[in-house]
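Q: Structure file work13.cif, mmCIF, C-alpha atoms, is pasted below:
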data_query
loop_
_atom_site.label_atom_id
_atom_site.label_comp_id
_atom_site.auth_asym_id
_atom_site.auth_seq_id
_atom_site.Cartn_x
_atom_site.Cartn_y
_atom_site.Cartn_z
CA MET A 1321 -16.24 135.68 -66.24
CA ARG A 1322 -13.29 133.83 -67.71
CA ALA A 1323 -10.12 132.70 -65.97
CA GLY A 1324 -11.10 134.72 -62.95
CA ILE A 1325 -10.99 138.04 -64.86
CA VAL A 1326 -13.75 140.61 -64.35
CA ILE A 1327 -14.15 143.25 -67.05
CA ILE A 1328 -16.24 146.28 -66.09
CA LEU A 1329 -16.35 149.35 -68.34
CA ARG A 1330 -15.25 152.68 -66.91
CA LEU A 1331 -17.83 155.37 -66.22
CA GLU A 1332 -17.93 157.90 -69.03
CA VAL A 1333 -19.42 160.64 -66.82
CA MET A 1334 -17.43 161.84 -63.86
CA MET A 1335 -19.30 161.97 -60.54
CA LYS A 1336 -19.18 164.22 -57.51
CA VAL A 1337 -18.97 161.86 -54.54
CA LEU A 1338 -19.68 162.64 -50.89
CA VAL A 1339 -17.38 160.36 -48.88
CA VAL A 1340 -18.63 159.94 -45.30
CA CYS A 1341 -16.17 158.59 -42.75
CA GLY A 1342 -15.26 158.61 -39.06
CA GLY A 1343 -18.28 157.81 -36.95
CA ARG A 1344 -18.91 156.87 -33.34
CA SER A 1345 -18.03 153.16 -33.37
CA ALA A 1346 -14.92 151.50 -31.95
CA GLU A 1347 -13.77 151.16 -35.57
CA ARG A 1348 -13.55 154.93 -36.13
CA GLU A 1349 -9.79 155.03 -36.76
CA ILE A 1350 -10.00 152.24 -39.33
CA SER A 1351 -12.75 154.19 -41.08
CA LEU A 1352 -10.55 157.27 -41.36
CA GLU A 1353 -7.71 155.16 -42.76
CA SER A 1354 -10.04 153.46 -45.25
CA SER A 1355 -11.39 156.80 -46.44
CA ARG A 1356 -7.93 157.87 -47.59
CA PHE A 1357 -7.73 154.93 -50.00
CA VAL A 1358 -11.25 155.60 -51.30
CA LEU A 1359 -10.58 159.31 -51.82
CA GLU A 1360 -7.29 158.64 -53.61
CA SER A 1361 -8.87 155.97 -55.83
CA LEU A 1362 -11.84 158.18 -56.72
CA ALA A 1363 -9.46 161.01 -57.64
CA ARG A 1364 -7.38 158.72 -59.87
CA ALA A 1365 -10.62 157.63 -61.56
CA GLY A 1366 -11.36 161.28 -62.32
CA HIS A 1367 -14.19 161.85 -59.85
CA SER A 1368 -14.42 164.89 -57.58
CA THR A 1369 -15.06 164.41 -53.88
CA VAL A 1370 -16.34 166.09 -50.77
CA THR A 1371 -15.42 164.56 -47.42
CA ALA A 1372 -17.85 164.59 -44.50
CA VAL A 1373 -16.30 163.46 -41.23
CA ILE A 1374 -18.61 162.26 -38.46
CA GLY A 1375 -17.05 163.06 -35.11
CA SER A 1376 -17.01 160.77 -32.11
CA ASP A 1377 -19.85 162.96 -30.79
CA GLY A 1378 -21.92 162.33 -33.94
CA ALA A 1379 -21.53 165.83 -35.43
CA TRP A 1380 -20.90 166.11 -39.19
CA THR A 1381 -18.22 168.45 -40.51
CA VAL A 1382 -16.89 169.32 -43.96
CA ASP A 1383 -13.47 171.00 -44.00
CA GLY A 1384 -13.71 171.31 -40.24
CA ALA A 1385 -16.98 173.26 -40.21
CA GLY A 1386 -20.44 172.00 -39.28
CA VAL A 1387 -23.17 171.27 -41.81
CA SER A 1388 -26.96 171.36 -41.74
CA VAL A 1389 -29.72 169.55 -43.62
CA ASP A 1390 -32.78 171.11 -45.24
CA MET A 1391 -35.52 168.47 -45.17
CA SER A 1392 -38.17 170.61 -46.86
CA LYS A 1393 -37.53 169.12 -50.31
CA PRO A 1394 -37.99 165.56 -51.62
CA ARG A 1395 -34.21 165.33 -51.91
CA TRP A 1396 -32.77 166.78 -48.72
CA VAL A 1397 -30.11 169.46 -49.14
CA LEU A 1398 -26.85 169.28 -47.24
CA SER A 1399 -25.52 172.79 -46.71
CA GLN A 1400 -22.83 174.80 -45.02
CA GLY A 1401 -22.96 178.54 -44.34
CA GLY A 1402 -26.16 178.84 -46.32
CA SER A 1403 -24.72 177.23 -49.47
CA GLY A 1404 -25.80 173.79 -50.64
CA ILE A 1405 -23.23 171.00 -50.92
CA GLY A 1406 -24.13 169.22 -54.11
CA PHE A 1407 -23.17 165.62 -54.85
CA ASP A 1408 -24.28 162.79 -57.12
CA VAL A 1409 -23.80 159.86 -54.75
CA LEU A 1410 -22.84 159.26 -51.13
CA PHE A 1411 -20.06 156.73 -50.47
CA PRO A 1412 -20.16 155.55 -46.82
CA VAL A 1413 -16.83 154.43 -45.41
CA LEU A 1414 -18.17 153.82 -41.91
CA HIS A 1415 -17.16 150.58 -40.22
CA GLY A 1416 -19.20 149.13 -37.39
CA THR A 1417 -22.24 150.50 -35.60
CA LEU A 1418 -24.04 153.63 -36.84
CA GLY A 1419 -22.68 153.11 -40.33
CA GLU A 1420 -22.26 149.55 -41.49
CA ASP A 1421 -25.46 148.43 -39.77
CA GLY A 1422 -28.06 150.00 -42.07
CA THR A 1423 -28.33 153.35 -40.28
CA ILE A 1424 -26.50 155.52 -42.83
CA GLN A 1425 -28.23 153.56 -45.61
CA GLY A 1426 -31.63 154.33 -44.07
CA LEU A 1427 -30.71 158.00 -43.77
CA CYS A 1428 -29.84 158.07 -47.46
CA GLU A 1429 -33.16 156.48 -48.40
CA MET A 1430 -35.05 159.06 -46.33
CA ALA A 1431 -32.98 161.88 -47.83
CA GLY A 1432 -33.25 160.68 -51.43
CA TRP A 1433 -29.47 160.43 -51.73
CA PRO A 1434 -28.06 157.63 -53.93
CA CYS A 1435 -25.83 155.53 -51.67
CA ALA A 1436 -22.97 153.25 -52.69
CA GLY A 1437 -22.93 149.76 -51.26
CA ALA A 1438 -25.47 147.49 -49.63
CA GLY A 1439 -28.96 148.63 -48.67
CA VAL A 1440 -30.65 148.81 -45.29
CA MET A 1441 -31.67 145.16 -44.89
CA ALA A 1442 -28.43 143.64 -46.18
CA SER A 1443 -26.35 145.94 -44.00
CA ALA A 1444 -28.41 145.35 -40.86
CA VAL A 1445 -28.54 141.57 -41.23
CA ALA A 1446 -24.86 141.20 -42.14
CA MET A 1447 -23.86 143.36 -39.19
CA ASN A 1448 -25.59 141.06 -36.73
CA LYS A 1449 -23.43 137.94 -36.82
CA ILE A 1450 -26.06 135.85 -35.03
CA VAL A 1451 -28.96 136.80 -37.32
CA PHE A 1452 -26.75 136.20 -40.33
CA LYS A 1453 -25.71 132.77 -39.04
CA GLU A 1454 -29.37 131.83 -38.59
CA LEU A 1455 -30.11 132.94 -42.16
CA ALA A 1456 -27.16 131.13 -43.69
CA SER A 1457 -27.73 127.98 -41.66
CA GLY A 1458 -31.38 127.91 -42.73
CA ALA A 1459 -30.27 128.12 -46.35
CA GLY A 1460 -27.96 125.13 -45.93
CA ILE A 1461 -24.67 127.04 -45.94
CA PRO A 1462 -22.30 125.52 -43.36
CA VAL A 1463 -21.53 127.78 -40.38
CA VAL A 1464 -19.52 127.16 -37.22
CA PRO A 1465 -21.60 125.97 -34.21
CA TRP A 1466 -22.35 128.80 -31.77
CA ILE A 1467 -24.41 130.07 -28.88
CA GLU A 1468 -25.49 133.63 -28.11
CA ILE A 1469 -25.40 135.58 -24.86
CA LEU A 1470 -27.60 138.63 -24.30
CA ALA A 1471 -26.87 140.99 -21.42
CA GLY A 1472 -29.61 140.85 -18.79
CA ARG A 1473 -30.92 137.48 -19.92
CA PRO A 1474 -30.04 134.22 -18.11
CA ALA A 1475 -27.07 132.67 -19.88
CA PRO A 1476 -25.40 129.25 -19.71
CA GLY A 1477 -22.34 129.08 -17.48
CA ALA A 1478 -18.83 128.51 -18.78
CA GLY A 1479 -18.99 124.80 -18.00
CA GLU A 1480 -22.24 124.34 -19.91
CA ILE A 1481 -20.92 126.26 -22.91
CA ILE A 1482 -17.73 124.21 -22.98
CA ALA A 1483 -19.71 120.96 -22.68
CA GLY A 1484 -21.77 121.96 -25.70
CA LEU A 1485 -19.12 123.47 -27.97
CA GLY A 1486 -15.80 122.18 -26.67
CA LEU A 1487 -12.53 124.12 -26.51
CA PRO A 1488 -11.02 126.36 -27.67
CA LEU A 1489 -13.68 128.98 -28.33
CA PHE A 1490 -13.88 132.41 -29.91
CA VAL A 1491 -15.97 135.12 -28.26
CA LYS A 1492 -17.12 138.15 -30.25
CA PRO A 1493 -19.33 141.20 -29.93
CA ALA A 1494 -22.15 140.24 -32.29
CA ARG A 1495 -22.35 143.62 -34.05
CA LEU A 1496 -18.80 144.87 -34.46
CA GLY A 1497 -15.89 144.23 -36.81
CA SER A 1498 -12.14 144.75 -37.30
CA SER A 1499 -11.56 142.07 -34.63
CA VAL A 1500 -12.40 144.62 -31.92
CA GLY A 1501 -13.41 142.96 -28.64
CA ILE A 1502 -12.73 139.42 -29.90
CA SER A 1503 -10.92 136.87 -27.71
CA ARG A 1504 -9.83 133.26 -27.91
CA ALA A 1505 -10.64 131.19 -24.83
CA ALA A 1506 -8.84 127.95 -23.98
CA ASP A 1507 -10.42 127.30 -20.57
CA ALA A 1508 -13.36 128.32 -18.40
CA GLY A 1509 -11.55 131.27 -16.83
CA GLU A 1510 -10.55 132.73 -20.20
CA LEU A 1511 -14.09 132.19 -21.45
CA GLU A 1512 -15.57 134.23 -18.60
CA GLU A 1513 -13.03 137.02 -19.21
CA ALA A 1514 -13.72 136.96 -22.96
CA VAL A 1515 -17.48 137.25 -22.47
CA ALA A 1516 -16.97 140.17 -20.06
CA LEU A 1517 -14.76 141.95 -22.61
CA ALA A 1518 -17.19 141.39 -25.49
CA LEU A 1519 -20.06 142.74 -23.37
CA GLU A 1520 -18.15 146.01 -23.03
CA TYR A 1521 -18.72 146.53 -26.77
CA ASP A 1522 -22.14 144.98 -27.36
CA GLU A 1523 -24.98 143.62 -25.25
CA LEU A 1524 -25.22 140.71 -27.69
CA VAL A 1525 -22.28 138.29 -27.71
CA LEU A 1526 -21.45 135.36 -29.96
CA VAL A 1527 -19.52 132.33 -28.66
CA GLU A 1528 -18.22 130.04 -31.43
CA LYS A 1529 -16.50 126.71 -31.58
CA ALA A 1530 -12.95 127.11 -32.93
CA VAL A 1531 -12.31 125.38 -36.24
CA GLU A 1532 -9.34 123.05 -35.99
CA HIS A 1533 -6.48 123.99 -38.34
CA ALA A 1534 -8.62 126.82 -39.70
CA ARG A 1535 -7.49 128.83 -42.71
CA GLU A 1536 -9.02 132.27 -43.20
CA ILE A 1537 -10.30 132.61 -46.76
CA GLU A 1538 -11.92 135.76 -48.14
CA VAL A 1539 -13.79 136.62 -51.34
CA SER A 1540 -14.78 140.08 -52.56
CA VAL A 1541 -18.13 140.53 -54.29
CA LEU A 1542 -19.81 143.16 -56.44
CA GLY A 1543 -23.56 143.01 -56.88
CA SER A 1544 -25.99 144.43 -59.35
CA GLY A 1545 -29.46 143.05 -58.79
CA ALA A 1546 -29.51 139.42 -59.86
CA SER A 1547 -25.90 139.58 -61.09
CA VAL A 1548 -23.09 139.02 -58.61
CA GLU A 1549 -19.40 138.98 -59.54
CA THR A 1550 -16.84 137.35 -57.26
CA SER A 1551 -13.09 137.84 -56.96
CA VAL A 1552 -10.43 135.19 -56.73
CA PRO A 1553 -10.21 133.97 -53.11
CA GLY A 1554 -7.44 135.23 -50.88
CA GLU A 1555 -5.99 133.74 -47.71
CA ILE A 1556 -4.83 135.43 -44.54
CA VAL A 1557 -1.81 134.01 -42.75
CA PRO A 1558 -1.74 135.81 -39.38
CA GLY A 1559 1.57 136.77 -37.83
CA ARG A 1560 0.16 135.87 -34.41
CA SER A 1561 -1.66 132.80 -33.12
CA TRP A 1562 -4.90 134.08 -34.69
CA TYR A 1563 -6.04 137.11 -36.69
CA ASP A 1564 -6.81 139.52 -33.87
CA TYR A 1565 -6.69 143.33 -34.05
CA GLU A 1566 -2.92 143.42 -33.52
CA ALA A 1567 -2.28 140.82 -36.22
CA LYS A 1568 -4.62 142.65 -38.60
CA TYR A 1569 -3.31 146.19 -38.27
CA CYS A 1570 -0.04 146.20 -36.31
CA CYS A 1571 1.88 143.00 -37.15
CA SER A 1572 4.26 143.06 -40.10
CA ASP A 1573 4.47 139.26 -40.04
CA SER A 1574 0.84 138.82 -41.14
CA ARG A 1575 0.64 137.88 -44.81
CA LEU A 1576 -2.02 137.93 -47.51
CA LEU A 1577 -1.87 135.13 -50.08
CA ILE A 1578 -3.57 136.10 -53.34
CA PRO A 1579 -4.80 133.85 -54.76
CA ALA A 1580 -5.39 131.53 -51.83
CA GLY A 1581 -3.73 128.13 -51.88
CA LEU A 1582 -6.89 126.27 -52.90
CA ASP A 1583 -7.35 123.76 -55.68
CA ALA A 1584 -9.58 124.84 -58.56
CA GLY A 1585 -12.62 122.93 -57.28
CA ARG A 1586 -12.43 124.31 -53.76
CA ALA A 1587 -11.83 127.86 -55.06
CA ALA A 1588 -14.91 127.63 -57.29
CA GLU A 1589 -16.97 126.28 -54.36
CA VAL A 1590 -15.92 129.17 -52.12
CA ARG A 1591 -16.74 131.75 -54.80
CA ALA A 1592 -20.16 130.18 -55.38
CA ARG A 1593 -20.92 130.22 -51.64
CA ALA A 1594 -19.82 133.85 -51.43
CA ALA A 1595 -22.22 134.83 -54.21
CA ARG A 1596 -25.04 132.82 -52.66
CA ALA A 1597 -24.51 134.31 -49.21
CA PHE A 1598 -24.49 137.83 -50.65
CA SER A 1599 -27.66 137.14 -52.63
CA LEU A 1600 -29.38 135.80 -49.49
CA LEU A 1601 -29.16 139.32 -48.10
CA GLY A 1602 -30.61 140.83 -51.24
CA GLY A 1603 -27.07 142.05 -51.64
CA ARG A 1604 -26.29 144.96 -53.91
CA GLY A 1605 -23.22 147.10 -54.10
CA PHE A 1606 -20.16 145.43 -52.64
CA ALA A 1607 -18.99 143.31 -49.74
CA ARG A 1608 -16.30 140.94 -48.53
CA VAL A 1609 -17.33 137.42 -47.59
CA ASP A 1610 -15.18 135.59 -45.04
CA PHE A 1611 -14.79 131.84 -44.60
CA LEU A 1612 -13.00 129.47 -42.25
CA ALA A 1613 -11.60 126.45 -44.09
CA GLY A 1614 -11.11 123.42 -41.88
CA ASP A 1615 -9.72 120.03 -42.80
CA ASP A 1616 -13.05 118.73 -44.11
CA GLU A 1617 -15.39 121.71 -44.51
CA VAL A 1618 -15.47 125.38 -45.44
CA TYR A 1619 -17.60 127.43 -43.05
CA LEU A 1620 -19.15 130.78 -43.83
CA ASN A 1621 -17.91 133.16 -41.14
CA GLU A 1622 -19.37 136.59 -41.90
CA ILE A 1623 -20.09 139.26 -44.50
CA ASN A 1624 -18.70 142.77 -44.28
CA THR A 1625 -20.86 145.19 -46.28
CA ILE A 1626 -18.37 148.03 -45.80
CA PRO A 1627 -15.07 146.13 -45.76
CA GLY A 1628 -11.74 147.76 -45.04
CA PHE A 1629 -10.17 149.90 -47.73
CA THR A 1630 -6.80 150.38 -46.05
CA ALA A 1631 -3.44 149.72 -47.72
CA ILE A 1632 -3.46 146.16 -46.30
CA SER A 1633 -7.15 145.39 -46.89
CA MET A 1634 -8.19 142.29 -48.81
CA PHE A 1635 -11.23 143.80 -50.55
CA PRO A 1636 -9.42 146.02 -53.08
CA LYS A 1637 -6.42 143.69 -53.32
CA LEU A 1638 -8.61 140.75 -54.34
CA TRP A 1639 -10.30 142.79 -57.06
CA GLU A 1640 -6.95 143.98 -58.38
CA ALA A 1641 -5.81 140.36 -58.59
CA THR A 1642 -9.03 139.51 -60.46
CA GLY A 1643 -8.32 142.16 -63.08
CA LEU A 1644 -10.18 145.16 -61.63
CA PRO A 1645 -7.84 147.90 -60.35
CA ALA A 1646 -8.93 150.47 -57.78
CA GLU A 1647 -10.12 153.06 -60.31
CA GLY A 1648 -12.32 150.53 -62.09
CA LEU A 1649 -13.57 149.24 -58.74
CA MET A 1650 -14.72 152.74 -57.78
CA ASP A 1651 -16.49 153.12 -61.12
CA ALA A 1652 -18.24 149.77 -60.72
CA ILE A 1653 -19.45 150.69 -57.23
CA LEU A 1654 -20.73 154.10 -58.35
CA ARG A 1655 -22.42 152.72 -61.47
CA GLU A 1656 -24.34 150.15 -59.43
CA ALA A 1657 -25.43 152.76 -56.87
CA LEU A 1658 -26.75 155.10 -59.55
CA SER A 1659 -28.55 152.30 -61.42
CA ARG A 1660 -31.10 151.64 -58.65
CA PRO A 1661 -34.64 153.01 -58.88
CA PRO A 1662 -35.53 155.51 -56.14
CA VAL A 1663 -36.96 153.84 -53.03
CA GLY A 1664 -40.75 153.59 -53.21
CA LEU A 1665 -40.86 154.32 -56.96
CA TRP A 1666 -40.30 150.84 -58.34
CA ARG A 1667 -42.57 150.00 -61.27
#
Take the structure in the file and give it back as structure tokens.
A:
Amino acid sequence: MRAGIVIILRLEVMMKVLVVCGGRSAEREISLESSRFVLESLARAGHSTVTAVIGSDGAWTVDGAGVSVDMSKPRWVLSQGGSGIGFDVLFPVLHGTLGEDGTIQGLCEMAGWPCAGAGVMASAVAMNKIVFKELASGAGIPVVPWIEILAGRPAPGAGEIIAGLGLPLFVKPARLGSSVGISRAADAGELEEAVALALEYDELVLVEKAVEHAREIEVSVLGSGASVETSVPGEIVPGRSWYDYEAKYCCSDSRLLIPAGLDAGRAAEVRARAARAFSLLGGRGFARVDFLAGDDEVYLNEINTIPGFTAISMFPKLWEATGLPAEGLMDAILREALSRPPVGLWR
């Protein structure tokens, strides 16, 4: 990689891609929006697509009609009305639980379907913010101090949490994204309300110390075994006091700075940490790695193994700024997915 430019050759063979979107998580609407970008980009790259939408009840439909699966063959057959739906690779665009957490990836491994993006372990670990923090911290990557709260288990009171972490605090469902269910707490009362809200979305809750003067820095990654490419870093300047759901999807004053306003040394450090964090997961496919840059330290915040692909999403924008437009990005993702040996057949 030179001067931040990534050069990846286009696929010579056009693929038929099954794009799976929707789902049952609180991020369903973002998934549907992301799928539109993916479908348009795949079409511009010359690939044909089939769209499977998972309803909020969990049922799969293609063109509005239900589908079935024949599991009698080594590679399961997805069918509709007695006719098989053929495809070369499945591209999951499922944010949050029952999609980004390793479940769809595990289904693909069972079914023998090549799947774009991270595998089961990387997806499951990245989805659990607490497990991922433990992993990163153990590897010496700086993370923000935190505590966890599990529903049904004795938990420290607001005063004890504040004594240990200080104020303000951020409270998050541990296994959800898109800023859903996240709150900022500036006192004990707000902390109790924030924990109650987060518990509505997940029985496992993360309480983090707020980073003073934090800047939100993000890096996109593409992985292929031992080789990981990173994009130029970008920076989010929220149009509200912090980057909550409204600031992310509904506020026209939020801005994306690409590249981020970092000096060359700090930008290289962030990219190196992004690659290392992705590799810690055994990362393959693609992801977006998020950091919080304070006055003296850059903290790893989280990894999104199925990041947003909406018109305002950092993941594709960062790759475009690094020299890889959307069509090439789709090709790179598909090529990596098809390059993997079948599960259980490694020699």
Q: Of the candidates A:Gly1643, A:Gly1375, A:Pro1488, A:Gly1543, which shows the shortest atom-to-atom distance to A:Glu1656, using only C-alpha atoms?
A: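 Of all the options, A:Gly1543 lies closest to A:Glu1656.
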Q: Please put the answer as AutoDock Vina command-line options: centre and edge lengths, in Å with one decimal, of a box along x, y and z that encloses all listed atoms of stretch 1612-1629 of chain A plus 5 Å on each side.
A:
--center_x -15.3 --center_y 134.3 --center_z -44.4 --size_x 21.1 --size_y 41.2 --size_z 16.6
Q: In terms of the shortest atom-to-atom distance over only C-alpha atoms, which of A:Met1335, A:Ala1518, A:Leu1654, A:Ser1392 is closest to A:Ser1499?
A: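 Once distances to A:Ser1499 are computed over only C-alpha atoms, the minimum belongs to A:Ala1518.
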Q: List the neighbours of A:Gly1378 out to 10 Å using all atoms listed in the file; skip same-chain residues closer than 5 positions along the sequence, and give me the result as a VMD selection string.
A: chain A and resid 1342 to 1345 1373 1418
Q: Given the PyMOL selection byres ((chain A and resi 1487) around 12) and the file above, list the residues it selects as an mmCIF file with C-alpha atoms, keeping the file's coordinate frame.
A:
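Saved result, selection37.cif, follows:
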data_model
loop_
_atom_site.group_PDB
_atom_site.id
_atom_site.type_symbol
_atom_site.label_atom_id
_atom_site.label_comp_id
_atom_site.auth_asym_id
_atom_site.auth_seq_id
_atom_site.Cartn_x
_atom_site.Cartn_y
_atom_site.Cartn_z
ATOM 1 C CA ALA A 1478 -18.830 128.510 -18.780
ATOM 2 C CA GLY A 1479 -18.990 124.800 -18.000
ATOM 3 C CA GLU A 1480 -22.240 124.340 -19.910
ATOM 4 C CA ILE A 1481 -20.920 126.260 -22.910
ATOM 5 C CA ILE A 1482 -17.730 124.210 -22.980
ATOM 6 C CA ALA A 1483 -19.710 120.960 -22.680
ATOM 7 C CA GLY A 1484 -21.770 121.960 -25.700
ATOM 8 C CA LEU A 1485 -19.120 123.470 -27.970
ATOM 9 C CA GLY A 1486 -15.800 122.180 -26.670
ATOM 10 C CA PRO A 1488 -11.020 126.360 -27.670
ATOM 11 C CA LEU A 1489 -13.680 128.980 -28.330
ATOM 12 C CA PHE A 1490 -13.880 132.410 -29.910
ATOM 13 C CA VAL A 1491 -15.970 135.120 -28.260
ATOM 14 C CA ARG A 1504 -9.830 133.260 -27.910
ATOM 15 C CA ALA A 1505 -10.640 131.190 -24.830
ATOM 16 C CA ALA A 1506 -8.840 127.950 -23.980
ATOM 17 C CA ASP A 1507 -10.420 127.300 -20.570
ATOM 18 C CA ALA A 1508 -13.360 128.320 -18.400
ATOM 19 C CA GLU A 1510 -10.550 132.730 -20.200
ATOM 20 C CA LEU A 1511 -14.090 132.190 -21.450
ATOM 21 C CA VAL A 1527 -19.520 132.330 -28.660
ATOM 22 C CA GLU A 1528 -18.220 130.040 -31.430
ATOM 23 C CA LYS A 1529 -16.500 126.710 -31.580
ATOM 24 C CA ALA A 1530 -12.950 127.110 -32.930
ATOM 25 C CA VAL A 1531 -12.310 125.380 -36.240
ATOM 26 C CA GLU A 1532 -9.340 123.050 -35.990
#
Q: Between atom CA of A:Ala1456 and atom CA of A:Cys1435, what distance in Å does the model show, to one decimal?
A: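 Between atom CA of A:Ala1456 and atom CA of A:Cys1435 the gap is 25.7 Å.
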Q: Under the rule that all atoms listed in the file are counted, which of A:Leu1398, A:Ile1537, A:Leu1331, A:Ser1547 is the nearest residue to A:Arg1604?
A: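 Residue with the minimum atom-to-atom distance to A:Arg1604: A:Ser1547.
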Q: Which residues would end up in the selection if the PyMOL selection byres ((chain A and resi 1411) around 12) were applied here, given that I need the answer as a ChimeraX atom specification?
A: /A:1335-1341,1354-1355,1358-1359,1362,1369-1372,1407-1410,1412-1414,1419-1420,1424-1425,1428,1433-1438,1605-1606,1626,1650-1651,1653-1658
Q: Take the residues that were just selected and, keeping C-alpha atoms, output them as a CSV table (one decimal), keeping the file's coordinate frame.
A:
chain,number,residue,atom,x,y,z
A,1335,MET,CA,-19.3,162.0,-60.5
A,1336,LYS,CA,-19.2,164.2,-57.5
A,1337,VAL,CA,-19.0,161.9,-54.5
A,1338,LEU,CA,-19.7,162.6,-50.9
A,1339,VAL,CA,-17.4,160.4,-48.9
A,1340,VAL,CA,-18.6,159.9,-45.3
A,1341,CYS,CA,-16.2,158.6,-42.8
A,1354,SER,CA,-10.0,153.5,-45.2
A,1355,SER,CA,-11.4,156.8,-46.4
A,1358,VAL,CA,-11.2,155.6,-51.3
A,1359,LEU,CA,-10.6,159.3,-51.8
A,1362,LEU,CA,-11.8,158.2,-56.7
A,1369,THR,CA,-15.1,164.4,-53.9
A,1370,VAL,CA,-16.3,166.1,-50.8
A,1371,THR,CA,-15.4,164.6,-47.4
A,1372,ALA,CA,-17.8,164.6,-44.5
A,1407,PHE,CA,-23.2,165.6,-54.8
A,1408,ASP,CA,-24.3,162.8,-57.1
A,1409,VAL,CA,-23.8,159.9,-54.8
A,1410,LEU,CA,-22.8,159.3,-51.1
A,1412,PRO,CA,-20.2,155.6,-46.8
A,1413,VAL,CA,-16.8,154.4,-45.4
A,1414,LEU,CA,-18.2,153.8,-41.9
A,1419,GLY,CA,-22.7,153.1,-40.3
A,1420,GLU,CA,-22.3,149.6,-41.5
A,1424,ILE,CA,-26.5,155.5,-42.8
A,1425,GLN,CA,-28.2,153.6,-45.6
A,1428,CYS,CA,-29.8,158.1,-47.5
A,1433,TRP,CA,-29.5,160.4,-51.7
A,1434,PRO,CA,-28.1,157.6,-53.9
A,1435,CYS,CA,-25.8,155.5,-51.7
A,1436,ALA,CA,-23.0,153.2,-52.7
A,1437,GLY,CA,-22.9,149.8,-51.3
A,1438,ALA,CA,-25.5,147.5,-49.6
A,1605,GLY,CA,-23.2,147.1,-54.1
A,1606,PHE,CA,-20.2,145.4,-52.6
A,1626,ILE,CA,-18.4,148.0,-45.8
A,1650,MET,CA,-14.7,152.7,-57.8
A,1651,ASP,CA,-16.5,153.1,-61.1
A,1653,ILE,CA,-19.4,150.7,-57.2
A,1654,LEU,CA,-20.7,154.1,-58.4
A,1655,ARG,CA,-22.4,152.7,-61.5
A,1656,GLU,CA,-24.3,150.2,-59.4
A,1657,ALA,CA,-25.4,152.8,-56.9
A,1658,LEU,CA,-26.8,155.1,-59.6
